[in-house]
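Student: Got a structure here, written out as structure tokens. Questions coming.
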Amino acid sequence: MSLLQVQGLAVHYGGIRAVKGIDLSVQEGEVVCLIGANGAGKTTSLRALAGLLPSAAGSIHYAGTDITALPVHQRARLGLALVPEGRGVFPRLTVEENLRMGAYWRNDRPGIATDLERVYELFPRLRERHAQRGGTLSGGEQQMLSLARALMSRPRLLLLDEPSMGLAPLAVRKIFDTIRLIAEQGMTLLLVEQNARLALETSHRGYVLEGGRIVHRDTAAALLASPKVREAYLGA
Amino acid sequence: MDVLLQQLLNGLILGSLYAMVALGYTMVYGILELINFAHGEIVMLGAMVAVSLLTLLVGAGVPVPLALFLALGAAVAVCMLTGILVERVAYRPLRNAPRLAPLITAIGVSIVLQNLAMIFWGRQYLSFPPVQEVQVYDWMGATVTNVQLIIVGVAALTMGGLLLLVNRTRLGRAMRATAQNREVAGLMGVDVNRVIAVTFAVGSALAAVAGLLIAAYYGIAHYNMGFTLGLKAFSAAVLGGIGNIPGALLGGLLLGVIESLGAGYIGDLTGGFLGSHYQDIFAFFVLILVLVFRPSGLLGERVGERA
Ligand SMILES: Nc1ncnc2c1ncn2[C@@H]1O[C@H](COP(=O)(O)OP(=O)(O)O)[C@@H](O)[C@H]1O
Ligand SMILES: [Mg+2]
């Protein structure tokens with residue numbers, strides 16, 4: 001059974017229909033990407049999955065339960081973590097306080113300490129800056145912090161919204177190296193990217209979103225080879 | 001010289017009370033960007049409950065320490081419940097409304113609370129019962145009473161407790177996170193509605209303690225006392241930088257000192273035209289100056305773009 005099963009999901013902003021009934025699923029241990037042009041509805045979809053936006057229609061099943069009407073903090077407590085577009089670092093909390101917020105709802109102090117050590121090993125830069133305010137970090141460092149903070153919740157499903165956005169090529173490489181590492185360790189990922197090639201090269205499967213509808217779905221290899229996808233999204 | 005020292009001392013004592021009330025304004029503003037104009041009435045409510053209950057208990061022969069403890073406990077409970085209720089009923093439904101709507105609602109809530117208090121307690125002043133024999137100490141030519149020292153001590157302890165709560169606990173971290181980015185706090189598993197309710201509860205508990213202390217300081221409580229007090233504490237919060245907790249402490253103390261020095265010298269300054277009973281004008285003078293010349297306040301960060 002799928003870890004995430006979305007059926008007919010529609011999301012509206014007042015009269016604007018941004019997502020018009022999409023079906024998608026993610027299996028445990030899978031890396032799936034959602035690609036599409038600017039304004040296709042990728043962020044809207046992820047925010048609806050995380051519970052930041054209400055669904056106008058359709059259903060979201062996660063780990064066997066219907067979470068369509070569940071408020072955002074309860075979805076987070078089920079292990080559904082979103083690394084939001086623009087990172088959402090708490091600017092006036094220190095790096096370490098930001099990380100501890102990731103583990104906010106957990107009660108196992110020793111486990112939190114272990115995980116803190118683990119993310120500091122994954123991102124030595126964050127250890128160096130642990131006492132610095134989040135808002136003083138560079139864009140790449142904030143992206144690392146946002147990802148590390150999500151890992152502190154021990155998520156079962158990690159939703160990533162444009163981790164490469166606004167970053168220099170070197171920082172993009174670093175972030176994607178880490179994302180691949182996390183995936184290899186067995187994390188289930190739903191990845192949203194405008195950089196379609198990078199996303200498909202990181203994923204097992206992909207969906208292509210256009211105007212709020214899914215227009216292609218296939219394995220990443222097949223999408224990378226598809227002439228239509230290549231022409232529209234891979235600049236080839 | 002001793003006049004100066006005396007006014008400074010008086011100012012710091014008064015300022016510690018303003019600071020406690022200013023904290024309530026600043027905490028709510030920090031988390032909701034709402035100026036909770038009803039906060040002054042919560043202080044009034046605390047004062048009225050505490051003084052009337054204290055009078056009752058002492059009159060019935062309850063030992064003073066126990067009576068004080070019970071009166072304070074009741075005031076804290078009533079204020080916390082009122083604060084939570086006001087948030088739930090008056091502000092939460094307007095959370096996503098244009099900003100003027102909750103502001104006007106806050107003024108409405110303030111009027112309602114004031115009138116309820118008037119109906120319940122009447123228009124007369126309640127006097128603080130003489131529970132503690134006043135002793136006067138001389139210090140370098142200035143005088144200070146034991147009651148004043150108790151007031152400052154309780155205020156300092158309460159505010160120290162608040163700082164610990166906000167800066168050193170998991171709940172405090174969640175409060176700061178919610179103030180900085182409500183959506184992301186939700187993504188972290190924070191029940192944002194609960195944190196907002198707790199913020200109102202904590203601010204109202206501070207208001208209750210402040211109400212009791214202010215009644216002890218002036219010796220009276222009155223259904224109308226929340227209005228001017230609220231405006232002054234709000235001015236203090238703006239002076240320090242609204243939304244900023246250390247700013248509220250600093251702003252409260254400074255405003256107390258400014259007011260006290262002003263009251264001491266206003267007669268000389270105006271050639272006797274205005275007497276010390278005009279001291280209330282200083283708070284508003286300060287408010288106007290800050291809003292004109294430094295809207296972000298002394299310790300505020302980029303509040304200009306938020307306000
Ligand atoms: N807050 C909003 N209010 C109204 N329309 C919005 C809002 N956010 C996004 N949209 C619209 O919804 C559509 C999808 O946006 P979005 O999900 O952000 O796309 P993507 O993440 O794929 O770039 C766009 O047409 C966008 O203009
Ligand atoms: Mg987007």
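In the structure tokens, chains take letters A, B, ... by order of appearance, with residues numbered from 1 within each chain and ligands from 1 in the order shown.
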Which residues of chain A have any atom within 9 Å of an atom in ligand 1 when counting only C-alpha atoms and all ligand atoms, and what is the closest pair of atoms for each, with the distance in Å to one decimal? Order the rows by chain and rising number and write it as JSON lines.
Tutor:
```
{"residue": "A:Val11", "atom": "CA", "partner": "ligand 1", "partner_atom_place_in_ligand_line": "12 (O)", "distance": 8.9}
{"residue": "A:His12", "atom": "CA", "partner": "ligand 1", "partner_atom_place_in_ligand_line": "12 (O)", "distance": 8.0}
{"residue": "A:Tyr13", "atom": "CA", "partner": "ligand 1", "partner_atom_place_in_ligand_line": "4 (C)", "distance": 5.0}
{"residue": "A:Gly14", "atom": "CA", "partner": "ligand 1", "partner_atom_place_in_ligand_line": "4 (C)", "distance": 7.4}
{"residue": "A:Gly15", "atom": "CA", "partner": "ligand 1", "partner_atom_place_in_ligand_line": "4 (C)", "distance": 8.6}
{"residue": "A:Ile16", "atom": "CA", "partner": "ligand 1", "partner_atom_place_in_ligand_line": "5 (N)", "distance": 6.2}
{"residue": "A:Arg17", "atom": "CA", "partner": "ligand 1", "partner_atom_place_in_ligand_line": "12 (O)", "distance": 7.2}
{"residue": "A:Ala18", "atom": "CA", "partner": "ligand 1", "partner_atom_place_in_ligand_line": "12 (O)", "distance": 4.4}
{"residue": "A:Val19", "atom": "CA", "partner": "ligand 1", "partner_atom_place_in_ligand_line": "14 (C)", "distance": 7.2}
{"residue": "A:Ile35", "atom": "CA", "partner": "ligand 1", "partner_atom_place_in_ligand_line": "22 (O)", "distance": 7.9}
{"residue": "A:Gly36", "atom": "CA", "partner": "ligand 1", "partner_atom_place_in_ligand_line": "22 (O)", "distance": 6.2}
{"residue": "A:Ala37", "atom": "CA", "partner": "ligand 1", "partner_atom_place_in_ligand_line": "22 (O)", "distance": 6.1}
{"residue": "A:Asn38", "atom": "CA", "partner": "ligand 1", "partner_atom_place_in_ligand_line": "23 (O)", "distance": 3.7}
{"residue": "A:Gly39", "atom": "CA", "partner": "ligand 1", "partner_atom_place_in_ligand_line": "19 (O)", "distance": 3.4}
{"residue": "A:Ala40", "atom": "CA", "partner": "ligand 1", "partner_atom_place_in_ligand_line": "22 (O)", "distance": 3.9}
{"residue": "A:Gly41", "atom": "CA", "partner": "ligand 1", "partner_atom_place_in_ligand_line": "17 (O)", "distance": 3.3}
{"residue": "A:Lys42", "atom": "CA", "partner": "ligand 1", "partner_atom_place_in_ligand_line": "22 (O)", "distance": 3.6}
{"residue": "A:Thr43", "atom": "CA", "partner": "ligand 1", "partner_atom_place_in_ligand_line": "21 (O)", "distance": 3.6}
{"residue": "A:Thr44", "atom": "CA", "partner": "ligand 1", "partner_atom_place_in_ligand_line": "17 (O)", "distance": 3.6}
{"residue": "A:Ser45", "atom": "CA", "partner": "ligand 1", "partner_atom_place_in_ligand_line": "17 (O)", "distance": 6.4}
{"residue": "A:Leu46", "atom": "CA", "partner": "ligand 1", "partner_atom_place_in_ligand_line": "17 (O)", "distance": 8.1}
{"residue": "A:Arg47", "atom": "CA", "partner": "ligand 1", "partner_atom_place_in_ligand_line": "17 (O)", "distance": 8.4}
{"residue": "A:Glu85", "atom": "CA", "partner": "ligand 1", "partner_atom_place_in_ligand_line": "21 (O)", "distance": 8.2}
{"residue": "A:Asp161", "atom": "CA", "partner": "ligand 1", "partner_atom_place_in_ligand_line": "21 (O)", "distance": 8.0}
{"residue": "A:Glu162", "atom": "CA", "partner": "ligand 1", "partner_atom_place_in_ligand_line": "21 (O)", "distance": 8.3}
{"residue": "A:Val192", "atom": "CA", "partner": "ligand 1", "partner_atom_place_in_ligand_line": "21 (O)", "distance": 8.1}
{"residue": "A:Glu193", "atom": "CA", "partner": "ligand 1", "partner_atom_place_in_ligand_line": "22 (O)", "distance": 8.5}
{"residue": "A:Gln194", "atom": "CA", "partner": "ligand 1", "partner_atom_place_in_ligand_line": "23 (O)", "distance": 7.9}
{"residue": "A:Leu209", "atom": "CA", "partner": "ligand 1", "partner_atom_place_in_ligand_line": "22 (O)", "distance": 7.8}
{"residue": "A:Glu210", "atom": "CA", "partner": "ligand 1", "partner_atom_place_in_ligand_line": "22 (O)", "distance": 8.4}
{"residue": "A:Gly211", "atom": "CA", "partner": "ligand 1", "partner_atom_place_in_ligand_line": "25 (O)", "distance": 7.6}
{"residue": "A:Gly212", "atom": "CA", "partner": "ligand 1", "partner_atom_place_in_ligand_line": "14 (C)", "distance": 7.0}
```
Student: Let me see the file: selected residues, N, CA, C and O atoms, as a tab-separated table (two decimals), in the first residue's frame.
Tutor:
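Result file out28.tsv:
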```tsv
chain	number	residue	atom	x	y	z
A	11	VAL	N	-7.43	22.44	-5.35
A	11	VAL	CA	-7.16	23.52	-4.40
A	11	VAL	C	-7.47	24.85	-5.06
A	11	VAL	O	-7.03	25.10	-6.18
A	12	HIS	N	-8.23	25.68	-4.36
A	12	HIS	CA	-8.61	26.98	-4.93
A	12	HIS	C	-8.14	28.12	-4.05
A	12	HIS	O	-8.05	27.99	-2.83
A	13	TYR	N	-7.82	29.24	-4.71
A	13	TYR	CA	-7.61	30.51	-3.98
A	13	TYR	C	-8.80	31.39	-4.32
A	13	TYR	O	-8.82	32.00	-5.38
A	14	GLY	N	-9.80	31.45	-3.46
A	14	GLY	CA	-11.01	32.16	-3.81
A	14	GLY	C	-11.55	31.57	-5.11
A	14	GLY	O	-11.81	30.37	-5.19
A	15	GLY	N	-11.68	32.39	-6.15
A	15	GLY	CA	-12.20	31.89	-7.41
A	15	GLY	C	-11.14	31.25	-8.30
A	15	GLY	O	-11.47	30.66	-9.33
A	16	ILE	N	-9.86	31.39	-7.93
A	16	ILE	CA	-8.79	30.86	-8.79
A	16	ILE	C	-8.59	29.38	-8.51
A	16	ILE	O	-8.33	28.99	-7.37
A	17	ARG	N	-8.73	28.55	-9.56
A	17	ARG	CA	-8.52	27.11	-9.36
A	17	ARG	C	-7.08	26.80	-9.72
A	17	ARG	O	-6.72	26.69	-10.89
A	18	ALA	N	-6.25	26.65	-8.70
A	18	ALA	CA	-4.82	26.48	-8.93
A	18	ALA	C	-4.48	25.01	-9.18
A	18	ALA	O	-3.59	24.70	-9.97
A	19	VAL	N	-5.16	24.09	-8.50
A	19	VAL	CA	-4.93	22.66	-8.71
A	19	VAL	C	-6.29	22.03	-8.99
A	19	VAL	O	-7.23	22.19	-8.21
A	35	ILE	N	7.28	17.93	-11.36
A	35	ILE	CA	7.93	19.02	-12.07
A	35	ILE	C	6.88	19.81	-12.86
A	35	ILE	O	5.76	19.34	-13.05
A	36	GLY	N	7.28	21.00	-13.29
A	36	GLY	CA	6.34	21.84	-14.02
A	36	GLY	C	6.84	23.27	-14.04
A	36	GLY	O	7.69	23.64	-13.23
A	37	ALA	N	6.28	24.03	-14.96
A	37	ALA	CA	6.72	25.42	-15.12
A	37	ALA	C	6.29	26.25	-13.92
A	37	ALA	O	5.49	25.81	-13.10
A	38	ASN	N	6.80	27.45	-13.85
A	38	ASN	CA	6.40	28.41	-12.84
A	38	ASN	C	4.89	28.62	-12.93
A	38	ASN	O	4.37	28.84	-14.01
A	39	GLY	N	4.18	28.50	-11.80
A	39	GLY	CA	2.74	28.73	-11.80
A	39	GLY	C	1.91	27.51	-12.14
A	39	GLY	O	0.69	27.59	-12.24
A	40	ALA	N	2.55	26.35	-12.28
A	40	ALA	CA	1.82	25.13	-12.65
A	40	ALA	C	0.97	24.61	-11.50
A	40	ALA	O	0.03	23.84	-11.72
A	41	GLY	N	1.32	24.98	-10.26
A	41	GLY	CA	0.55	24.50	-9.10
A	41	GLY	C	1.32	23.56	-8.21
A	41	GLY	O	0.73	22.88	-7.36
A	42	LYS	N	2.64	23.54	-8.34
A	42	LYS	CA	3.46	22.61	-7.54
A	42	LYS	C	3.42	22.98	-6.05
A	42	LYS	O	3.14	22.14	-5.20
A	43	THR	N	3.71	24.27	-5.77
A	43	THR	CA	3.71	24.71	-4.37
A	43	THR	C	2.33	24.54	-3.76
A	43	THR	O	2.19	24.06	-2.63
A	44	THR	N	1.31	24.92	-4.52
A	44	THR	CA	-0.06	24.79	-4.02
A	44	THR	C	-0.36	23.35	-3.63
A	44	THR	O	-0.95	23.08	-2.57
A	45	SER	N	0.06	22.40	-4.48
A	45	SER	CA	-0.19	20.99	-4.17
A	45	SER	C	0.51	20.58	-2.88
A	45	SER	O	-0.11	19.95	-2.00
A	46	LEU	N	1.79	20.92	-2.74
A	46	LEU	CA	2.52	20.51	-1.54
A	46	LEU	C	1.93	21.15	-0.29
A	46	LEU	O	1.83	20.50	0.76
A	47	ARG	N	1.53	22.41	-0.40
A	47	ARG	CA	0.97	23.08	0.78
A	47	ARG	C	-0.36	22.43	1.19
A	47	ARG	O	-0.67	22.33	2.37
A	85	GLU	N	8.83	26.25	0.28
A	85	GLU	CA	9.47	27.13	-0.67
A	85	GLU	C	9.94	28.38	0.08
A	85	GLU	O	9.22	28.91	0.93
A	161	ASP	N	10.05	21.55	-1.36
A	161	ASP	CA	9.59	22.50	-2.37
A	161	ASP	C	10.75	23.35	-2.87
A	161	ASP	O	11.22	24.24	-2.17
A	162	GLU	N	11.19	23.07	-4.08
A	162	GLU	CA	12.24	23.85	-4.75
A	162	GLU	C	13.48	24.07	-3.89
A	162	GLU	O	13.84	25.23	-3.63
A	192	VAL	N	9.61	18.69	-5.31
A	192	VAL	CA	9.10	19.64	-6.31
A	192	VAL	C	10.26	20.48	-6.81
A	192	VAL	O	11.07	20.95	-6.02
A	193	GLU	N	10.38	20.59	-8.13
A	193	GLU	CA	11.49	21.37	-8.68
A	193	GLU	C	11.10	22.00	-10.01
A	193	GLU	O	10.35	21.42	-10.80
A	194	GLN	N	11.63	23.19	-10.25
A	194	GLN	CA	11.56	23.76	-11.60
A	194	GLN	C	12.70	23.22	-12.43
A	194	GLN	O	12.60	23.10	-13.65
A	209	LEU	N	3.28	18.51	-14.07
A	209	LEU	CA	2.09	19.30	-13.78
A	209	LEU	C	2.04	20.47	-14.76
A	209	LEU	O	3.04	21.15	-14.99
A	210	GLU	N	0.85	20.68	-15.34
A	210	GLU	CA	0.67	21.80	-16.26
A	210	GLU	C	-0.68	22.42	-15.98
A	210	GLU	O	-1.69	21.72	-16.06
A	211	GLY	N	-0.69	23.70	-15.65
A	211	GLY	CA	-1.96	24.39	-15.40
A	211	GLY	C	-2.84	23.69	-14.37
A	211	GLY	O	-4.05	23.63	-14.52
A	212	GLY	N	-2.22	23.13	-13.32
A	212	GLY	CA	-3.01	22.52	-12.25
A	212	GLY	C	-3.46	21.10	-12.55
A	212	GLY	O	-4.24	20.52	-11.79
```
Student: Which neighbours of Gly139 in chain A fall inside 7 Å, counting only C-alpha atoms, when residues of the same chain fewer than 3 positions from it are skipped, and could you give them as a list in words?
Tutor: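 Surrounding residues, per the criterion: Gln142, Gln143 and Leu167 of chain A.
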Student: With all heavy atoms retained, export the selected residues as a PDB file, in the first residue's frame.
Tutor:
```pdb
ATOM      1  N   GLN A 142      20.667  28.463   4.796  1.00  0.00           N
ATOM      2  CA  GLN A 142      19.274  28.418   5.252  1.00  0.00           C
ATOM      3  C   GLN A 142      18.556  27.197   4.682  1.00  0.00           C
ATOM      4  O   GLN A 142      17.724  26.590   5.352  1.00  0.00           O
ATOM      5  CB  GLN A 142      18.540  29.697   4.848  1.00  0.00           C
ATOM      6  CG  GLN A 142      19.012  30.899   5.628  1.00  0.00           C
ATOM      7  CD  GLN A 142      18.038  32.071   5.565  1.00  0.00           C
ATOM      8  OE1 GLN A 142      16.896  31.928   5.155  1.00  0.00           O
ATOM      9  NE2 GLN A 142      18.505  33.223   5.981  1.00  0.00           N
ATOM     10  N   GLN A 143      18.888  26.854   3.445  1.00  0.00           N
ATOM     11  CA  GLN A 143      18.271  25.663   2.854  1.00  0.00           C
ATOM     12  C   GLN A 143      18.699  24.413   3.613  1.00  0.00           C
ATOM     13  O   GLN A 143      17.904  23.524   3.880  1.00  0.00           O
ATOM     14  CB  GLN A 143      18.651  25.550   1.369  1.00  0.00           C
ATOM     15  CG  GLN A 143      17.873  24.490   0.630  1.00  0.00           C
ATOM     16  CD  GLN A 143      16.382  24.797   0.565  1.00  0.00           C
ATOM     17  OE1 GLN A 143      15.957  25.787  -0.004  1.00  0.00           O
ATOM     18  NE2 GLN A 143      15.572  23.945   1.189  1.00  0.00           N
ATOM     19  N   LEU A 167      19.683  29.468  -5.374  1.00  0.00           N
ATOM     20  CA  LEU A 167      21.010  29.104  -4.874  1.00  0.00           C
ATOM     21  C   LEU A 167      22.042  29.097  -5.996  1.00  0.00           C
ATOM     22  O   LEU A 167      21.730  28.824  -7.151  1.00  0.00           O
ATOM     23  CB  LEU A 167      20.972  27.712  -4.221  1.00  0.00           C
ATOM     24  CG  LEU A 167      20.051  27.544  -3.018  1.00  0.00           C
ATOM     25  CD1 LEU A 167      20.282  26.191  -2.380  1.00  0.00           C
ATOM     26  CD2 LEU A 167      20.259  28.654  -2.002  1.00  0.00           C
TER      27      LEU A 167
END
```
Student: Distance limit 10 Å, atoms considered: only C-alpha atoms. Which chain B residues sit that close to chain A? Return them as a list in words.
Tutor: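 Here they are: Arg170, Leu171, Arg173, Ala174, Arg176, Ala177, Thr178, Ala179, Gln180, Asn181, Arg182, Glu183, Val184, Ala185, Gly186, Leu187, Met188, Gly189, Val190, Asp191 and Val192 of chain B.
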Student: Measure the distance from CA of Cys79 in chain B to CA of Gly211 in chain B in Å and round it to one decimal.
Tutor: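 Result for CA of Cys79 in chain B versus CA of Gly211 in chain B: 9.9 Å, one decimal.
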Student: Once DSSP has gone over the backbone, tell me which residues of range 4-191 of chain A are in alpha helix (DSSP H), as a PyMOL selection string.
Tutor: chain A and resi 42-50+72-77+95-102+109-122+124-128+139-151+169-184
Student: Can you work out the spacing between CA of Gly247 in chain B and CA of Arg99 in chain B in Å, to one decimal?
Tutor: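 So the answer is 23.3 Å.
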Student: Residues at most 9 Å from Val286 in chain B, counting only C-alpha atoms, excluding those fewer than 2 positions away in the same chain, as a list of chain:residue names?
Tutor: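 That gives B:Ser235, B:Ala236, B:Leu239, B:Leu255, B:Ile258, B:Ile281, B:Phe282, B:Ala283, B:Phe284, B:Ile288, B:Leu289, B:Val290, B:Leu291.
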Student: Go ahead and save the picked residues with C-alpha atoms, as a JSON list (two decimals), in the first residue's frame.
Tutor:
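Result written to part.json:
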```json
[["chain", "number", "residue", "atom", "x", "y", "z"],
["B", 235, "SER", "CA", 3.13, 53.94, 24.93],
["B", 236, "ALA", "CA", 5.85, 52.20, 26.94],
["B", 239, "LEU", "CA", 8.85, 53.30, 23.18],
["B", 255, "LEU", "CA", 8.35, 55.87, 30.87],
["B", 258, "ILE", "CA", 10.17, 60.26, 32.45],
["B", 281, "ILE", "CA", 0.66, 64.10, 29.44],
["B", 282, "PHE", "CA", 4.24, 62.82, 29.39],
["B", 283, "ALA", "CA", 3.33, 59.32, 28.28],
["B", 284, "PHE", "CA", 1.43, 60.66, 25.30],
["B", 288, "ILE", "CA", 3.97, 61.00, 19.75],
["B", 289, "LEU", "CA", 7.72, 61.65, 19.70],
["B", 290, "VAL", "CA", 8.52, 57.97, 19.22],
["B", 291, "LEU", "CA", 5.92, 57.53, 16.49]]
```
Student: Pick out each residue of range 84-269 of chain B that DSSP on the backbone tags as strand (DSSP E); I need them as JSON, numbers by chain.
Tutor: {"B": [126, 127, 136, 137, 138, 139, 142, 143, 144, 145, 220, 221]}
Student: Quick one: pull the distance between CA of Arg88 in chain B and CA of Arg123 in chain B, Å, one decimal.
Tutor: 28.9 Å
Student: What's around Ala201 in chain B at 12 Å? Count only C-alpha atoms, leave out sequence neighbours fewer than 3 positions away in its own chain, and write the answer as an MDAnalysis selection string.
Tutor: chainID B and resid 24 27:28 39 42 76:88 194:198 204:208
Student: For range 179-181 of chain A, please output as a PyMOL selection string all residues within 10 Å (counting only C-alpha atoms; exclusion window: fewer than 3 positions along the same chain).
Tutor: chain A and resi 31+122+147+160+163+173-176+184-187+189+191+201-203
Student: Please produce a file of the residues just selected, as a short mmCIF file (atom, residue, chain, number, x, y, z; two decimals), in the first residue's frame, where the atoms kept are all heavy atoms.
Tutor:
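Contents of part_22.cif, freshly written:
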```cif
data_model
loop_
_atom_site.label_atom_id
_atom_site.label_comp_id
_atom_site.auth_asym_id
_atom_site.auth_seq_id
_atom_site.Cartn_x
_atom_site.Cartn_y
_atom_site.Cartn_z
N VAL A 31 11.46 7.84 -4.17
CA VAL A 31 11.70 9.26 -4.41
C VAL A 31 10.91 9.64 -5.66
O VAL A 31 11.14 9.10 -6.73
CB VAL A 31 13.20 9.56 -4.63
CG1 VAL A 31 13.40 11.05 -4.90
CG2 VAL A 31 14.01 9.12 -3.42
N LEU A 122 25.86 15.68 9.29
CA LEU A 122 25.45 15.82 7.90
C LEU A 122 25.76 17.23 7.38
O LEU A 122 26.12 17.42 6.23
CB LEU A 122 23.94 15.54 7.82
CG LEU A 122 23.32 15.10 6.51
CD1 LEU A 122 24.00 13.87 5.95
CD2 LEU A 122 21.82 14.82 6.75
N LEU A 147 16.21 21.93 5.74
CA LEU A 147 16.20 20.48 5.51
C LEU A 147 16.55 19.74 6.81
O LEU A 147 15.88 18.78 7.20
CB LEU A 147 17.19 20.16 4.39
CG LEU A 147 17.35 18.71 3.98
CD1 LEU A 147 16.02 18.12 3.56
CD2 LEU A 147 18.34 18.60 2.80
N LEU A 160 9.64 18.27 -0.33
CA LEU A 160 10.64 19.33 -0.55
C LEU A 160 10.18 20.25 -1.66
O LEU A 160 9.93 19.81 -2.77
CB LEU A 160 11.99 18.72 -0.97
CG LEU A 160 12.67 17.77 0.01
CD1 LEU A 160 13.89 17.13 -0.65
CD2 LEU A 160 13.08 18.52 1.25
N PRO A 163 14.14 23.00 -3.49
CA PRO A 163 15.34 23.20 -2.66
C PRO A 163 16.46 23.94 -3.40
O PRO A 163 17.34 24.49 -2.74
CB PRO A 163 15.77 21.76 -2.31
CG PRO A 163 15.04 20.87 -3.23
CD PRO A 163 13.80 21.58 -3.66
N ARG A 173 24.44 21.89 -5.87
CA ARG A 173 25.08 20.56 -5.89
C ARG A 173 25.12 19.97 -4.50
O ARG A 173 24.76 18.81 -4.29
CB ARG A 173 26.53 20.70 -6.41
CG ARG A 173 26.71 20.46 -7.88
CD ARG A 173 27.57 19.20 -8.18
NE ARG A 173 28.81 19.10 -7.43
CZ ARG A 173 29.95 19.68 -7.79
NH1 ARG A 173 30.03 20.43 -8.87
NH2 ARG A 173 31.05 19.52 -7.06
N LYS A 174 25.52 20.81 -3.55
CA LYS A 174 25.65 20.35 -2.16
C LYS A 174 24.31 19.85 -1.62
O LYS A 174 24.21 18.78 -1.03
CB LYS A 174 26.13 21.50 -1.29
CG LYS A 174 27.57 21.36 -0.82
CD LYS A 174 27.83 22.52 0.12
CE LYS A 174 29.11 22.42 0.88
NZ LYS A 174 29.46 23.73 1.45
N ILE A 175 23.28 20.66 -1.84
CA ILE A 175 21.96 20.29 -1.33
C ILE A 175 21.47 18.99 -1.97
O ILE A 175 20.97 18.10 -1.29
CB ILE A 175 20.95 21.45 -1.58
CG1 ILE A 175 21.05 22.49 -0.47
CG2 ILE A 175 19.53 20.95 -1.67
CD1 ILE A 175 20.53 22.03 0.88
N PHE A 176 21.66 18.88 -3.27
CA PHE A 176 21.18 17.66 -3.94
C PHE A 176 22.02 16.44 -3.57
O PHE A 176 21.48 15.33 -3.48
CB PHE A 176 21.06 17.86 -5.45
CG PHE A 176 19.69 18.32 -5.82
CD1 PHE A 176 19.35 19.65 -5.75
CD2 PHE A 176 18.71 17.38 -6.16
CE1 PHE A 176 18.06 20.07 -6.04
CE2 PHE A 176 17.41 17.79 -6.45
CZ PHE A 176 17.09 19.13 -6.39
N GLU A 184 19.10 7.57 -0.18
CA GLU A 184 19.76 6.27 -0.13
C GLU A 184 19.60 5.61 1.23
O GLU A 184 19.58 4.39 1.35
CB GLU A 184 21.26 6.42 -0.45
CG GLU A 184 21.55 6.46 -1.94
CD GLU A 184 22.91 7.07 -2.25
OE1 GLU A 184 23.77 7.07 -1.34
OE2 GLU A 184 23.08 7.57 -3.37
N GLN A 185 19.48 6.45 2.26
CA GLN A 185 19.30 5.89 3.60
C GLN A 185 17.86 5.43 3.84
O GLN A 185 17.51 5.01 4.93
CB GLN A 185 19.71 6.92 4.66
CG GLN A 185 21.22 7.14 4.67
CD GLN A 185 21.64 8.33 5.51
OE1 GLN A 185 20.79 9.06 6.02
NE2 GLN A 185 22.94 8.53 5.65
N GLY A 186 17.00 5.59 2.80
CA GLY A 186 15.67 5.00 2.89
C GLY A 186 14.53 5.97 3.11
O GLY A 186 13.38 5.56 3.26
N MET A 187 14.82 7.27 3.09
CA MET A 187 13.76 8.27 3.30
C MET A 187 12.84 8.31 2.09
O MET A 187 13.28 8.20 0.95
CB MET A 187 14.39 9.64 3.52
CG MET A 187 13.41 10.77 3.72
SD MET A 187 12.55 10.66 5.29
CE MET A 187 13.90 11.02 6.40
N LEU A 189 10.56 10.46 -0.33
CA LEU A 189 10.62 11.88 -0.71
C LEU A 189 9.63 12.21 -1.81
O LEU A 189 9.49 11.45 -2.77
CB LEU A 189 12.02 12.23 -1.23
CG LEU A 189 13.21 12.25 -0.30
CD1 LEU A 189 14.48 12.49 -1.10
CD2 LEU A 189 13.04 13.34 0.73
N LEU A 191 9.49 15.40 -4.21
CA LEU A 191 10.35 16.53 -4.51
C LEU A 191 9.73 17.40 -5.59
O LEU A 191 9.35 16.90 -6.65
CB LEU A 191 11.70 15.97 -4.98
CG LEU A 191 12.74 16.90 -5.58
CD1 LEU A 191 13.21 17.90 -4.54
CD2 LEU A 191 13.91 16.10 -6.11
N GLU A 201 16.78 13.28 -12.32
CA GLU A 201 18.00 12.49 -12.08
C GLU A 201 18.09 12.01 -10.63
O GLU A 201 18.85 11.11 -10.33
CB GLU A 201 19.23 13.31 -12.47
CG GLU A 201 19.42 13.36 -13.99
CD GLU A 201 20.48 14.36 -14.42
OE1 GLU A 201 21.07 15.03 -13.53
OE2 GLU A 201 20.72 14.48 -15.63
N THR A 202 17.32 12.66 -9.76
CA THR A 202 17.35 12.28 -8.35
C THR A 202 16.24 11.27 -8.00
O THR A 202 16.29 10.63 -6.96
CB THR A 202 17.17 13.55 -7.48
OG1 THR A 202 18.11 14.54 -7.93
CG2 THR A 202 17.44 13.28 -6.00
N SER A 203 15.23 11.15 -8.88
CA SER A 203 14.01 10.43 -8.51
C SER A 203 13.87 9.07 -9.17
O SER A 203 14.53 8.78 -10.17
CB SER A 203 12.78 11.26 -8.89
OG SER A 203 12.91 12.57 -8.40
#
```
Student: With distances taken over only C-alpha atoms and all ligand atoms, which residue among A:Gly86, A:Pro54, A:Gly64, A:Pro169 lies nearest ligand 2?
Tutor: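 Once distances to ligand 2 are computed over only C-alpha atoms and all ligand atoms, the minimum belongs to A:Gly86.
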Student: Which neighbours of range 8-19 of chain B fall inside 9 Å, counting only C-alpha atoms, when residues of the same chain fewer than 2 positions from it are skipped, and could you give them as an MDAnalysis selection string?
Tutor: chainID B and resid 3:6 21:24 142:144 148:149 151:152 155:156 159 210:211 213:214 217 229:230 232:234 236:237 248:261
